[in-house]
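*Asks:* Below is one structure. I have some questions about it.
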2 protein chains.
Amino acid sequence: MTHSAPDPLDLDAFRETGHQLIDWIADYLGGLESRPVVEATSPGDVRAKLPDRAPEQGKALSGLLADLDEVVVPGISHWQHPNWFAYFPAMSSPPAILGELAAAGLGVQGMLWSTSPAVTEVESHVLDWLVDLTGVPQDWKTTGPGGGVLQMSASDSTHTALVVAREVCRKRTGAGAEQMVVYTSSQAHSSLEKGANVAGFGHIRLLDVDQNFAVEPATLRSAIEDDLAAGLTPAFVCAAVGTTGTTAVDPVRAFGELASEFRLWFHVDAAYAGAAMLCDEFRHHQDGLELAHSYTFNAHKWLATNFDCSIFWVADRTPLIETMSIVPPYLRNAATDAGEVIDYRDWHVPLGRRFRALKLWWVLKAFGAEGLRAMIRRHVGYAKSLTRFVESDPRFELFAPTTFALVCFRHRDGDEATRALAASMNANGVYVTPSEANGQAFIRVSIGSTWTEDRHVDQLQALIDRLA
Amino acid sequence: MTHSAPDPLDLDAFRETGHQLIDWIADYLGGLESRPVVEATSPGDVRAKLPDRAPEQGKALSGLLADLDEVVVPGISHWQHPNWFAYFPAMSSPPAILGELAAAGLGVQGMLWSTSPAVTEVESHVLDWLVDLTGVPQDWKTTGPGGGVLQMSASDSTHTALVVAREVCRKRTGAGAEQMVVYTSSQAHSSLEKGANVAGFGHIRLLDVDQNFAVEPATLRSAIEDDLAAGLTPAFVCAAVGTTGTTAVDPVRAFGELASEFRLWFHVDAAYAGAAMLCDEFRHHQDGLELAHSYTFNAHKWLATNFDCSIFWVADRTPLIETMSIVPPYLRNAATDAGEVIDYRDWHVPLGRRFRALKLWWVLKAFGAEGLRAMIRRHVGYAKSLTRFVESDPRFELFAPTTFALVCFRHRDGDEATRALAASMNANGVYVTPSEANGQAFIRVSIGSTWTEDRHVDQLQALIDRLA
């Protein structure tokens, strides 16, 4: 480094810019309402602001914040905006941001228990807390035969479940993956189809749904029986507790009983709705969960914890570890050899792992269980209010039941009017997702931004009323 | 929430605790030397400090920092300690920590270009910069037929390469994965064997190495020919540029030529050593890279960027996207339909993705290319100095050539003396990794902590001298 370049390791400069960045973030979050939800950007706009080549000489840390204002903010969609009603929420919150910062500052690796025990133990402990908080089976605690682990996304959790299921099925039946069949709803998240492809399954059945967008048990049974008759090997079934399209709920117990009858791996995808299970009144949707082999729910959706933080629970950790464990000499250590610790390296594809449990722990502490329940009930209340509006206005029809905090509706004038309304809403200060199912257009209004309050939902309702 | 609980969304409290946390991190990093490298912890010690159940009522943000001092720090290994010489470096640096914080504060999702264009464009742009900085083929730029993407870990990058290779091979030959063979060094990282298992390959050949721990081309040729004669389908070969055990370098060009001759997918794993390619003098190790289909290098190892930040480059993005793309209705958008943007969702298993490129961009800016080259040369210089010491002292022998900044040596008195020396070093203020290869014990001294200076290497040398 030439003597004139600033030292990137200067901790005083880090303090100064760090304080400024904390303030920048507080100002950003507090001021979101004055910005459009989605900044107007064309392909290439952001890159055009960057030099063709990386800088040769280092720049002072204090100059980095200007990048946020000049390059980044004009080129993003504000997922934390109180008028964000698109996709599913990707919640963030002050304790989660602090947890991510602390993890980055510590810079430790949790691939093995021994590489930083607190990374593993906090993760196991907090996921065990969540077993109690969400009412999933006690066997899923790390103190029992199962256990929880944080993955990057539900796609990773589901892919992991598929790979373990494939190996379990192969050992039992001798079938190759090309002969194996995966069953899930036609309304399932794309990660099911993608995960099945990535894991090499030869067949995936995207099952037809009923008028509530859930799969009927008879549909699953008949698909399994057809495949058995054709000489294929049914291997894996996924029930959605809250589909991505409409938050429909597949019948968990009936799926589990069919999985037991035909010896399929039973996975439950509650990526979005898992958070709702903190509240008793939603638990009936997960009745039968004791029949599941694996389960995923994303704290980074609706549990106030920044992405990435996807929870993956298994009822029995043995087949998971048997599938994922590889022990080279440079990773051997006494604690692992004695079998008295969890090495999360053996619970997923990646080896390295950062301290993601810290932010989840801090969210649980800062909100408290009652604070999180209150937040979820507040969002559900907003969704109920919007649902009543849609149902009471003759211009609209509810497209699917409002089960959690997603409202799906359409314009009675048809697909074109529905799409036009969505486009017009998105041009007027809010952001919703236009979608379709069963060949019909509808609008997804997903309520769950950290900063959404009563008045934002009132304004949304008034906007729909005005634009329809 | 009861009226007495503090509001977890209070931005003034976030500012206050955020400032304290920035100072805590600066103090932590500046004060590492006064701590042991590895805290003494027994299984269960951390969990014993946590309550059995999650708190019902929320706590003030200001109380969170005590968790770091009371629960976390006593239970971790200090990967950022200047006396950390274990595994490979997992570097962190002030600009990277700030980048991770900014990404968490923004809380945006980059699964599609349209979900926050800057996430995608900064990532493409910075990875294109790195093509020039590291001298890998120009075709790997996103402006050409290939392109780069950030993955969580090299395990994910390698697994992705394996899955794409499997699909390319299947389409060309009709073979099932059970018939396909993966070739790599017996010294390859465990992620090769794990990735091959996860992707469902039926066979993996861990090839014998020469006295420098690299695979000879004749060994690879003969393995391929044997498998062809046995009716199997060779599908994938990986060359390591810097193995995990000893940073050995497989012959890239010869591997690439054999891959071309037998139509195998050619992947290069430079997870650790890729960073060294910023310096011209190391580029001869990657001669022949234009024959590779895919390549991985971890900015989170030796490029001053916090985990996770694994770079994955492909020479042709078409088979990657064909393998990974699934487009459900709720993810359709005009920019994607027009084909004028990159949607990184189609470049790996996960759908969601945070703004990881921000920290890599800020590292490149704050250090500048010349600052990063100087850092790498400084670490390599330390390793050379330690190598000279080992070679000049009759008690020791160099176990493998020092190619980058990893020094592998052993005690001439044999395995027991070598293991005892490692244990004794680790009990005396430094942390190294005891390992073995070809049935012999050796000590890995990996130099590359952000905070390691001349005096730490001098002290290390004196310690070895004293303890041997």
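Just so we're on the same page: first chain in the structure tokens is A, next is B, and so on; residues restart at 1 for each chain, and ligands are numbered from 1 in the order they show up.
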Kindly determine which residues of chain B lie within 6 Å of chain A, considering only C-alpha atoms, and give the answer as a ChimeraX atom specification.

*Replies:* /B:1,8,11,14,18-19,22,25-26,46-47,53-59,72,75-77,79,94,97,101,104-105,108,116-118,121,129,153,155-156,199,329-330,350,365-371,374,435

*Asks:* So which residues touch Ala276 in chain A within 8 Å, counting only C-alpha atoms, skipping near sequence neighbours fewer than 6 positions away, as a list in words?

*Replies:*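 The residues that qualify are Thr134, Phe282, Arg373, Ile376 and Phe404 of chain A.
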
*Asks:* Quick one: distance from CA of Gln211 in chain A to CA of Thr247 in chain A in Å, one decimal?

*Replies:*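 Going from CA of Gln211 in chain A over to CA of Thr247 in chain A, I get 13.0 Å.
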
*Asks:* Between A:Ala468, A:Val432, A:Leu398, A:Ala235, which is the closest to Asp413 in chain A once you count only C-alpha atoms?

*Replies:*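 So, comparing all the options, the nearest one is A:Ala468.
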
*Asks:* Could you list, as a list of chain:residue names, every residue within 10 Å of Ser186 in chain B, counting only C-alpha atoms and ignoring same-chain residues fewer than 5 positions away?

*Replies:*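 These residues fall inside the cut-off: B:Glu193, B:Arg205, B:Leu206, B:Leu207, B:Asp208, B:Val209, B:Phe213, B:Ala214, B:Val215, B:Thr243, B:Ala437, B:Asn438.
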
*Asks:* Restricted to N, CA and C atoms, what would the selected residues look like written as a tab-separated table (two decimals), in the first residue's frame?

*Replies:*
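For reference, out-v7.tsv as written:
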```tsv
chain	number	residue	atom	x	y	z
B	193	GLU	N	-16.36	-34.76	-2.11
B	193	GLU	CA	-17.00	-36.04	-1.83
B	193	GLU	C	-18.44	-35.82	-1.36
B	205	ARG	N	-13.79	-40.99	-7.49
B	205	ARG	CA	-12.41	-41.50	-7.41
B	205	ARG	C	-11.54	-40.44	-6.74
B	206	LEU	N	-11.01	-40.78	-5.59
B	206	LEU	CA	-10.10	-39.87	-4.88
B	206	LEU	C	-8.68	-40.29	-5.28
B	207	LEU	N	-8.12	-39.57	-6.22
B	207	LEU	CA	-6.90	-40.01	-6.91
B	207	LEU	C	-5.65	-39.85	-6.06
B	208	ASP	N	-4.75	-40.81	-6.23
B	208	ASP	CA	-3.46	-40.75	-5.52
B	208	ASP	C	-2.67	-39.52	-5.97
B	209	VAL	N	-1.85	-39.02	-5.06
B	209	VAL	CA	-1.06	-37.82	-5.36
B	209	VAL	C	0.44	-38.15	-5.38
B	213	PHE	N	1.86	-33.78	-3.26
B	213	PHE	CA	0.43	-33.84	-2.96
B	213	PHE	C	-0.46	-33.35	-4.09
B	214	ALA	N	0.06	-33.34	-5.32
B	214	ALA	CA	-0.75	-33.03	-6.50
B	214	ALA	C	-0.98	-34.32	-7.29
B	215	VAL	N	-2.04	-34.33	-8.09
B	215	VAL	CA	-2.37	-35.50	-8.91
B	215	VAL	C	-1.61	-35.39	-10.24
B	243	THR	N	-4.88	-27.25	-2.39
B	243	THR	CA	-5.70	-28.19	-1.61
B	243	THR	C	-5.81	-27.70	-0.17
B	437	ALA	N	-1.49	-36.61	6.31
B	437	ALA	CA	-1.64	-36.98	4.90
B	437	ALA	C	-0.66	-38.10	4.63
B	438	ASN	N	-1.05	-38.98	3.72
B	438	ASN	CA	-0.21	-40.14	3.41
B	438	ASN	C	0.23	-40.86	4.69
```

*Asks:* To one decimal place, how far is CA of His284 in chain A from CA of Ala270 in chain A in Å?

*Replies:*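 It comes out at 13.4 Å.
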
*Asks:* Distance CA of Phe396 in chain B-CA of Leu467 in chain B, one decimal place?

*Replies:*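 A separation of 12.1 Å between them.
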
*Asks:* Just list the residues in range 53-211 of chain B DSSP gives alpha helix (DSSP H) on the backbone, as an MDAnalysis selection string.

*Replies:* chainID B and resid 64:67 94:106 117:134 154:173 190:198

*Asks:* Any chance you could list, as a PyMOL selection string, the residues in range 183-275 of chain A that come up strand (DSSP E or B) when DSSP is run on the backbone?

*Replies:* chain A and resi 183-185+203-207+233-241+249+265-269

*Asks:* Extract, using only C-alpha atoms, all DNA, RNA and protein residues at most 10 Å from Ile464 in chain B, discarding same-chain residues fewer than 5 positions from it, and format them as a list in words.

*Replies:*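 In the requested form, the answer reads Phe389, Val390, Phe396, Leu421, Ala422, Ser424, Met425 and Gln459 of chain B.
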